[in-house]
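S.K.: Here it is, the structure in full.
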Amino acid sequence: MKVTENDVTYVADLANLELTDSERQRMAKDLNSILDYIDMLNELDTSNVEPFAEVASKFAGNQSSGSERFAYAMRADKVLPGLPHEAAMQNAPDTDGTYFKVPKVIEK
Amino acid sequence: MSTTSKYEPVIGLEVHVQLLTRTKAFCSCSTEFGAPPNSNVCPVCLGLPGALPVLNRQVVEFAVLAAQALNCTVNETSIFARKNYFYPDLPKGYQISQYDKPLAEFGHIEIDTADGGKKRIGITRLHVEEDAGKSMHEGVNASDDRTSVDLNRSGVPLIEIVSEPDISTPDEAYEYLTRLKEIILYTGVSDCNMEEGSLRCDANVSIRPRGQKELGTKAEVKNVNSFRFIKQALEYEIKRHEEVIESGGKIVQETRLYNPSEGRTYPMRTKERAHDYRYFPEPDLLPLVVDQKWRDEIHARLPELPEARRARMMADYGLTEGDAHTLTLTKAMADAFESAAHKATNPKRLANIIQTELIGRLKAAGLELEDSPISMEGALLSADLTEAGTISSKMLKDLYDKCFERREDFPAVYEKEKPQQISDAGELEKIIDEVIAANPKQVEQYRAGKKTVIAFFVGGVMKATKGKANPALVNELLPKKLEG
């Protein structure tokens, strides 16, 4: 077992999740099976492979300024209309019409 | 804090600076301060599912410019990362920041130390990140048992500048922050307005027995909103650490808040979750590539920085170090001074007048330089007139007072207030006649060939007119009258 139930409790806490005992057991099982699968992948020799976090960068080609990639990786500093206030608030579970409302955060 | 203490403080500072872009870091919403709550928002900065960030090119250029001004090495490739934590004003549940591959590293700032020397404070890194929204726990509605969240600030671009723990005293911390702010202001990438939160500072402080290499346990002081308070908070913390350790206790690593009215820090009342942000590369953004060509383009826009400018202004205008310091406190002041100084008969005179007459009056009237009733051109005229002896320093002061009273520029006030000359020939002739009549002996001498005695008559006429006689006209009329 790579992941113990204590690990699950810790990660769930970081993610603001409250798990029942049975959920915790299931999560531990799922996480362990994922890590077992990763172990299988780790059998491959990747010492000469650059790590990458997003597929696009691998295939984006030339990265110099003025290149096509340079143009699409960034945008100009120009204001464009966002969401009207009413639209922005319409899915808020709780609002006074001006602010998003959340249960009081005690931190001071 | 005494320097003979057996402990040595170790201080590192983290400074967040808001960049003066029009739009947010990863979406095209306006960054305008003071807009109605939740009006500058869109799916990206509200953290709505499926919305994708696109990096603002101006953010990169400003961050690179700041990095260069702080002597950093700008990395050709840097990576955005997600910093994961829960807070109501962070709608995505993560902040886009940079972690193991920041935009820039290995910089430094030179500061003046208490003993008059220089000290180099290292800058570990400078990275780009987005700001969170704003939570209001009180004040929106007093009876409200909920926290109010405004997401206008969510996604506003910041640079975080992390110093090495090279700072040894609260005074050095103050000096470092002052220099840092000055440099950033010169680059123009931020207004560094602390009231509006454009510049925020967190301090890490620990103490260790003098000579010990290993660092003590640190405390972090957060959200201090003035440099003076940072200094006070550090002084308090150092004393607290000494007392805890001296009494056999242990310093707990924690985040503390400074209360300026009480002059002390308190532990932040928050669930002390391990700082486990589970950083990982942001898959929605490409690695940021700033190649040599782009770096050079940005570098070409780097203005002359305060330290270099002071040295040059001292050489160019014959200023003292004190003059140069005062006149470069803001780039606006330095630019204004230089726009006039190269035209002045004596630039040093102009510098003196600005410092002794202008700055004080501005301060007293609560005015910024750009609101000054006396323009630099006006100050220039006043300096040249003083230098030529046309107006005395007392008259200069009076004229400056009048400029501030009437909110009028110096040339206009001078035109109205300058001593009215008597340029009427008839009127002057009458006075000259009287002077001649009153001094028959000197007339005799003149007529006998002692022409230098004319100066005596010029003096007499000036005295009789209280200095208002037009000197050119007097010089023209007197010889004729004396010749008879």
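Chain labels follow the order of the structure tokens: the first chain is A, the next B, and so on; residue numbering restarts at 1 in every chain, and ligands are counted from 1 in their shown order.
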At a cut-off of 7 Å, can you tabulate as CSV every residue of chain B near chain A together with its closest atom pair and the distance in Å to one decimal, using only C-alpha atoms and ordering rows by chain then number?

M.R.:
residue,atom,partner,partner_atom,distance
B:Thr21,CA,A:Asp77,CA,6.9
B:Arg22,CA,A:Asp77,CA,6.1
B:Thr23,CA,A:Val79,CA,5.7
B:Ser28,CA,A:Val79,CA,5.1
B:Cys29,CA,A:Val79,CA,5.7
B:Ser30,CA,A:Val79,CA,5.6
B:Pro37,CA,A:Thr98,CA,6.2
B:Asn38,CA,A:His85,CA,6.2
B:Ser39,CA,A:His85,CA,5.1
B:Asn40,CA,A:Gly82,CA,6.7
B:Val41,CA,A:Gly82,CA,5.6
B:Cys42,CA,A:Gly82,CA,4.5
B:Val54,CA,A:Met74,CA,5.9
B:Leu55,CA,A:Met74,CA,4.8
B:Asn56,CA,A:Arg75,CA,5.1
B:Arg57,CA,A:Met74,CA,5.4
B:Gln58,CA,A:Asp77,CA,5.9
B:His137,CA,A:Lys104,CA,6.8
B:Asp145,CA,A:Lys104,CA,5.9
B:Arg146,CA,A:Lys104,CA,4.3
B:Thr147,CA,A:Lys104,CA,4.6
B:Ser148,CA,A:Lys101,CA,4.8
B:Val149,CA,A:Phe100,CA,5.0
B:Asp150,CA,A:Tyr99,CA,5.8
B:Met268,CA,A:Lys108,CA,6.9
B:Arg269,CA,A:Glu107,CA,5.7
B:Thr270,CA,A:Glu107,CA,5.4
B:Pro281,CA,A:Ala53,CA,6.0
B:Pro283,CA,A:Glu54,CA,4.9
B:Leu286,CA,A:Ser57,CA,5.8
B:Pro287,CA,A:Ser57,CA,6.9
B:Val289,CA,A:Gln63,CA,6.7
B:Asp291,CA,A:Ser64,CA,6.0
B:Lys293,CA,A:Ser65,CA,7.0
B:Trp294,CA,A:Ser65,CA,6.2

S.K.: Can I get the selected residues back with C-alpha atoms, as an mmCIF file, in the first residue's frame?

M.R.:
data_model
loop_
_atom_site.group_PDB
_atom_site.id
_atom_site.type_symbol
_atom_site.label_atom_id
_atom_site.label_comp_id
_atom_site.auth_asym_id
_atom_site.auth_seq_id
_atom_site.Cartn_x
_atom_site.Cartn_y
_atom_site.Cartn_z
ATOM 1 C CA THR B 21 -1.239 46.983 -17.066
ATOM 2 C CA ARG B 22 -4.618 47.913 -18.471
ATOM 3 C CA THR B 23 -5.848 44.338 -18.311
ATOM 4 C CA SER B 28 -8.869 40.974 -20.929
ATOM 5 C CA CYS B 29 -10.752 42.410 -17.936
ATOM 6 C CA SER B 30 -9.832 45.909 -16.819
ATOM 7 C CA PRO B 37 -17.653 45.336 -6.999
ATOM 8 C CA ASN B 38 -17.666 42.352 -9.358
ATOM 9 C CA SER B 39 -17.887 44.469 -12.479
ATOM 10 C CA ASN B 40 -14.444 43.772 -14.003
ATOM 11 C CA VAL B 41 -14.915 40.030 -14.236
ATOM 12 C CA CYS B 42 -15.183 37.308 -16.859
ATOM 13 C CA VAL B 54 -4.080 33.675 -22.090
ATOM 14 C CA LEU B 55 -1.006 35.553 -20.915
ATOM 15 C CA ASN B 56 -0.877 39.348 -21.257
ATOM 16 C CA ARG B 57 2.283 40.241 -23.206
ATOM 17 C CA GLN B 58 2.594 43.544 -21.324
ATOM 18 C CA HIS B 137 -15.207 40.220 6.687
ATOM 19 C CA ASP B 145 -22.625 36.880 9.346
ATOM 20 C CA ARG B 146 -21.115 36.228 5.945
ATOM 21 C CA THR B 147 -17.921 37.256 4.194
ATOM 22 C CA SER B 148 -18.341 39.371 1.059
ATOM 23 C CA VAL B 149 -16.152 38.662 -1.954
ATOM 24 C CA ASP B 150 -15.256 41.089 -4.732
ATOM 25 C CA MET B 268 -2.640 34.783 12.860
ATOM 26 C CA ARG B 269 -5.723 32.964 14.077
ATOM 27 C CA THR B 270 -5.929 30.437 11.320
ATOM 28 C CA PRO B 281 2.978 23.014 -13.792
ATOM 29 C CA PRO B 283 -1.159 22.817 -18.078
ATOM 30 C CA LEU B 286 2.687 27.334 -22.469
ATOM 31 C CA PRO B 287 6.132 27.706 -20.953
ATOM 32 C CA VAL B 289 9.850 31.993 -23.556
ATOM 33 C CA ASP B 291 14.464 35.026 -26.003
ATOM 34 C CA LYS B 293 16.028 39.423 -28.943
ATOM 35 C CA TRP B 294 12.960 40.225 -26.832
#

S.K.: Would you mind listing what lies within 10 Å of Leu329 of chain B as a ChimeraX atom specification, with only C-alpha atoms counted and same-chain residues fewer than 5 positions away left out?

M.R.: /B:182,185-186,306,310,324,334

S.K.: Can you tell me, as JSON, numbers by chain, which residues in chain A count as alpha helix (DSSP H) by DSSP?

M.R.: {"A": [5, 6, 7, 8, 9, 10, 11, 12, 13, 14, 21, 22, 23, 24, 25, 26, 27, 28, 29, 30, 31, 32, 33, 34, 35, 36, 37, 38, 39, 40, 41, 55, 56, 57, 58, 59, 68, 69, 70, 71, 72, 73, 85, 86, 87, 88, 89]}

S.K.: Measuring between only C-alpha atoms, which one of B:Ala448, B:Val74, B:Ile183, B:Val15 shows the shortest distance to Glu304 of chain B?

M.R.: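 Ranking B:Ala448, B:Val74, B:Ile183, B:Val15 by distance to Glu304 of chain B, first place goes to B:Ile183.
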
S.K.: Identify, on the basis of only C-alpha atoms, every residue whose closest approach to Pro157 of chain B does not exceed 7 Å; exclude the query and any residue fewer than 5 positions from it along the same chain; express the result as number ranges by chain.

M.R.: B: 18-19, 24-25, 59, 129-131

S.K.: Store the residues picked out above, limited to C-alpha atoms, as a short mmCIF file (atom, residue, chain, number, x, y, z; two decimals), in the first residue's frame.

M.R.:
data_model
loop_
_atom_site.label_atom_id
_atom_site.label_comp_id
_atom_site.auth_asym_id
_atom_site.auth_seq_id
_atom_site.Cartn_x
_atom_site.Cartn_y
_atom_site.Cartn_z
CA GLN B 18 1.09 45.19 -8.86
CA LEU B 19 1.93 45.85 -12.50
CA LYS B 24 -5.44 41.37 -16.00
CA ALA B 25 -2.67 38.79 -16.31
CA VAL B 59 2.85 41.63 -18.04
CA GLU B 129 1.67 35.64 -10.53
CA GLU B 130 -1.94 36.68 -10.34
CA ASP B 131 -3.62 38.42 -7.44
#

S.K.: Just how far from atom CA of Tyr277 of chain B is atom CA of Ser163 of chain B, in Å to one decimal?

M.R.: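 Interatomic distance, atom CA of Ser163 of chain B to atom CA of Tyr277 of chain B: 20.9 Å.
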
S.K.: So which bits of segment 154-290 of chain B end up strand (DSSP E) when you DSSP the backbone, as a PyMOL selection string?

M.R.: chain B and resi 157-163+199-209+219-224+254-259+264-267+280-281+288-289

S.K.: Could you please take those selected residues and save C-alpha atoms as a PDB file, in the first residue's frame?

M.R.:
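Result went into selection-v7.pdb, see below:
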ATOM      1  CA  PRO B 157      -0.857  40.811 -12.450  1.00  0.00           C
ATOM      2  CA  LEU B 158       1.773  40.898  -9.720  1.00  0.00           C
ATOM      3  CA  ILE B 159       5.462  40.341  -9.522  1.00  0.00           C
ATOM      4  CA  GLU B 160       6.809  38.812  -6.352  1.00  0.00           C
ATOM      5  CA  ILE B 161      10.343  39.846  -5.461  1.00  0.00           C
ATOM      6  CA  VAL B 162      12.020  37.626  -2.892  1.00  0.00           C
ATOM      7  CA  SER B 163      15.171  38.823  -1.191  1.00  0.00           C
ATOM      8  CA  LEU B 199       2.920  47.234  -3.078  1.00  0.00           C
ATOM      9  CA  ARG B 200       2.677  44.713  -0.263  1.00  0.00           C
ATOM     10  CA  CYS B 201       5.385  43.306   1.913  1.00  0.00           C
ATOM     11  CA  ASP B 202       5.830  40.188   4.031  1.00  0.00           C
ATOM     12  CA  ALA B 203       8.881  39.774   6.235  1.00  0.00           C
ATOM     13  CA  ASN B 204      10.612  36.618   7.409  1.00  0.00           C
ATOM     14  CA  VAL B 205      12.648  37.089  10.548  1.00  0.00           C
ATOM     15  CA  SER B 206      14.720  34.864  12.779  1.00  0.00           C
ATOM     16  CA  ILE B 207      17.624  35.355  15.160  1.00  0.00           C
ATOM     17  CA  ARG B 208      20.706  33.263  15.816  1.00  0.00           C
ATOM     18  CA  PRO B 209      23.636  33.559  18.202  1.00  0.00           C
ATOM     19  CA  ALA B 219       8.356  33.899  11.978  1.00  0.00           C
ATOM     20  CA  GLU B 220       6.585  35.481   9.042  1.00  0.00           C
ATOM     21  CA  VAL B 221       4.986  38.892   9.479  1.00  0.00           C
ATOM     22  CA  LYS B 222       2.289  39.482   6.907  1.00  0.00           C
ATOM     23  CA  ASN B 223       0.196  42.315   5.551  1.00  0.00           C
ATOM     24  CA  VAL B 224       2.090  45.268   6.935  1.00  0.00           C
ATOM     25  CA  GLU B 254       4.113  30.751  12.276  1.00  0.00           C
ATOM     26  CA  THR B 255       2.541  33.649  10.464  1.00  0.00           C
ATOM     27  CA  ARG B 256       1.946  36.763  12.527  1.00  0.00           C
ATOM     28  CA  LEU B 257       0.136  40.033  11.961  1.00  0.00           C
ATOM     29  CA  TYR B 258       1.335  43.440  13.112  1.00  0.00           C
ATOM     30  CA  ASN B 259      -1.031  45.736  14.957  1.00  0.00           C
ATOM     31  CA  ARG B 264       3.047  44.399  18.559  1.00  0.00           C
ATOM     32  CA  THR B 265       2.487  41.285  16.508  1.00  0.00           C
ATOM     33  CA  TYR B 266      -0.035  38.514  17.042  1.00  0.00           C
ATOM     34  CA  PRO B 267      -0.137  34.992  15.690  1.00  0.00           C
ATOM     35  CA  PHE B 280       2.404  21.613 -10.296  1.00  0.00           C
ATOM     36  CA  PRO B 281       2.978  23.014 -13.792  1.00  0.00           C
ATOM     37  CA  LEU B 288       7.019  31.372 -21.114  1.00  0.00           C
ATOM     38  CA  VAL B 289       9.850  31.993 -23.556  1.00  0.00           C
TER      39      VAL B 289
END

S.K.: Please provide the set of residues having any atom within 9 Å of segment 25-31 of chain A, restricted to only C-alpha atoms, with same-chain residues fewer than 4 positions apart removed, written as a list in words.

M.R.: Met1, Lys2, Val3, Thr4, Glu5, Asp7, Val8, Thr20, Asp21, Leu35 and Asp36 of chain A

S.K.: Tell me, as a list in words, which residues lie within 8 Å of segment 457-459 of chain B, counting only C-alpha atoms; anything in the same chain fewer than 5 positions away does not count.

M.R.: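 In the requested form, the answer reads Val435, Ile436, Val474, Asn475 and Leu478 of chain B.
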
S.K.: The selected residues should be written to file as an mmCIF file, in the first residue's frame (atoms: N, CA and C atoms).

M.R.:
data_model
loop_
_atom_site.group_PDB
_atom_site.id
_atom_site.type_symbol
_atom_site.label_atom_id
_atom_site.label_comp_id
_atom_site.auth_asym_id
_atom_site.auth_seq_id
_atom_site.Cartn_x
_atom_site.Cartn_y
_atom_site.Cartn_z
ATOM 1 N N VAL B 435 18.565 116.728 -7.236
ATOM 2 C CA VAL B 435 19.807 116.138 -6.712
ATOM 3 C C VAL B 435 20.998 117.046 -7.039
ATOM 4 N N ILE B 436 20.985 117.566 -8.274
ATOM 5 C CA ILE B 436 22.088 118.445 -8.685
ATOM 6 C C ILE B 436 22.104 119.727 -7.831
ATOM 7 N N VAL B 474 18.560 107.077 -16.489
ATOM 8 C CA VAL B 474 19.350 107.929 -15.593
ATOM 9 C C VAL B 474 20.726 108.176 -16.212
ATOM 10 N N ASN B 475 21.340 107.089 -16.708
ATOM 11 C CA ASN B 475 22.665 107.206 -17.304
ATOM 12 C C ASN B 475 22.657 108.086 -18.550
ATOM 13 N N LEU B 478 21.643 112.072 -16.915
ATOM 14 C CA LEU B 478 22.537 112.723 -15.946
ATOM 15 C C LEU B 478 23.672 113.527 -16.591
#
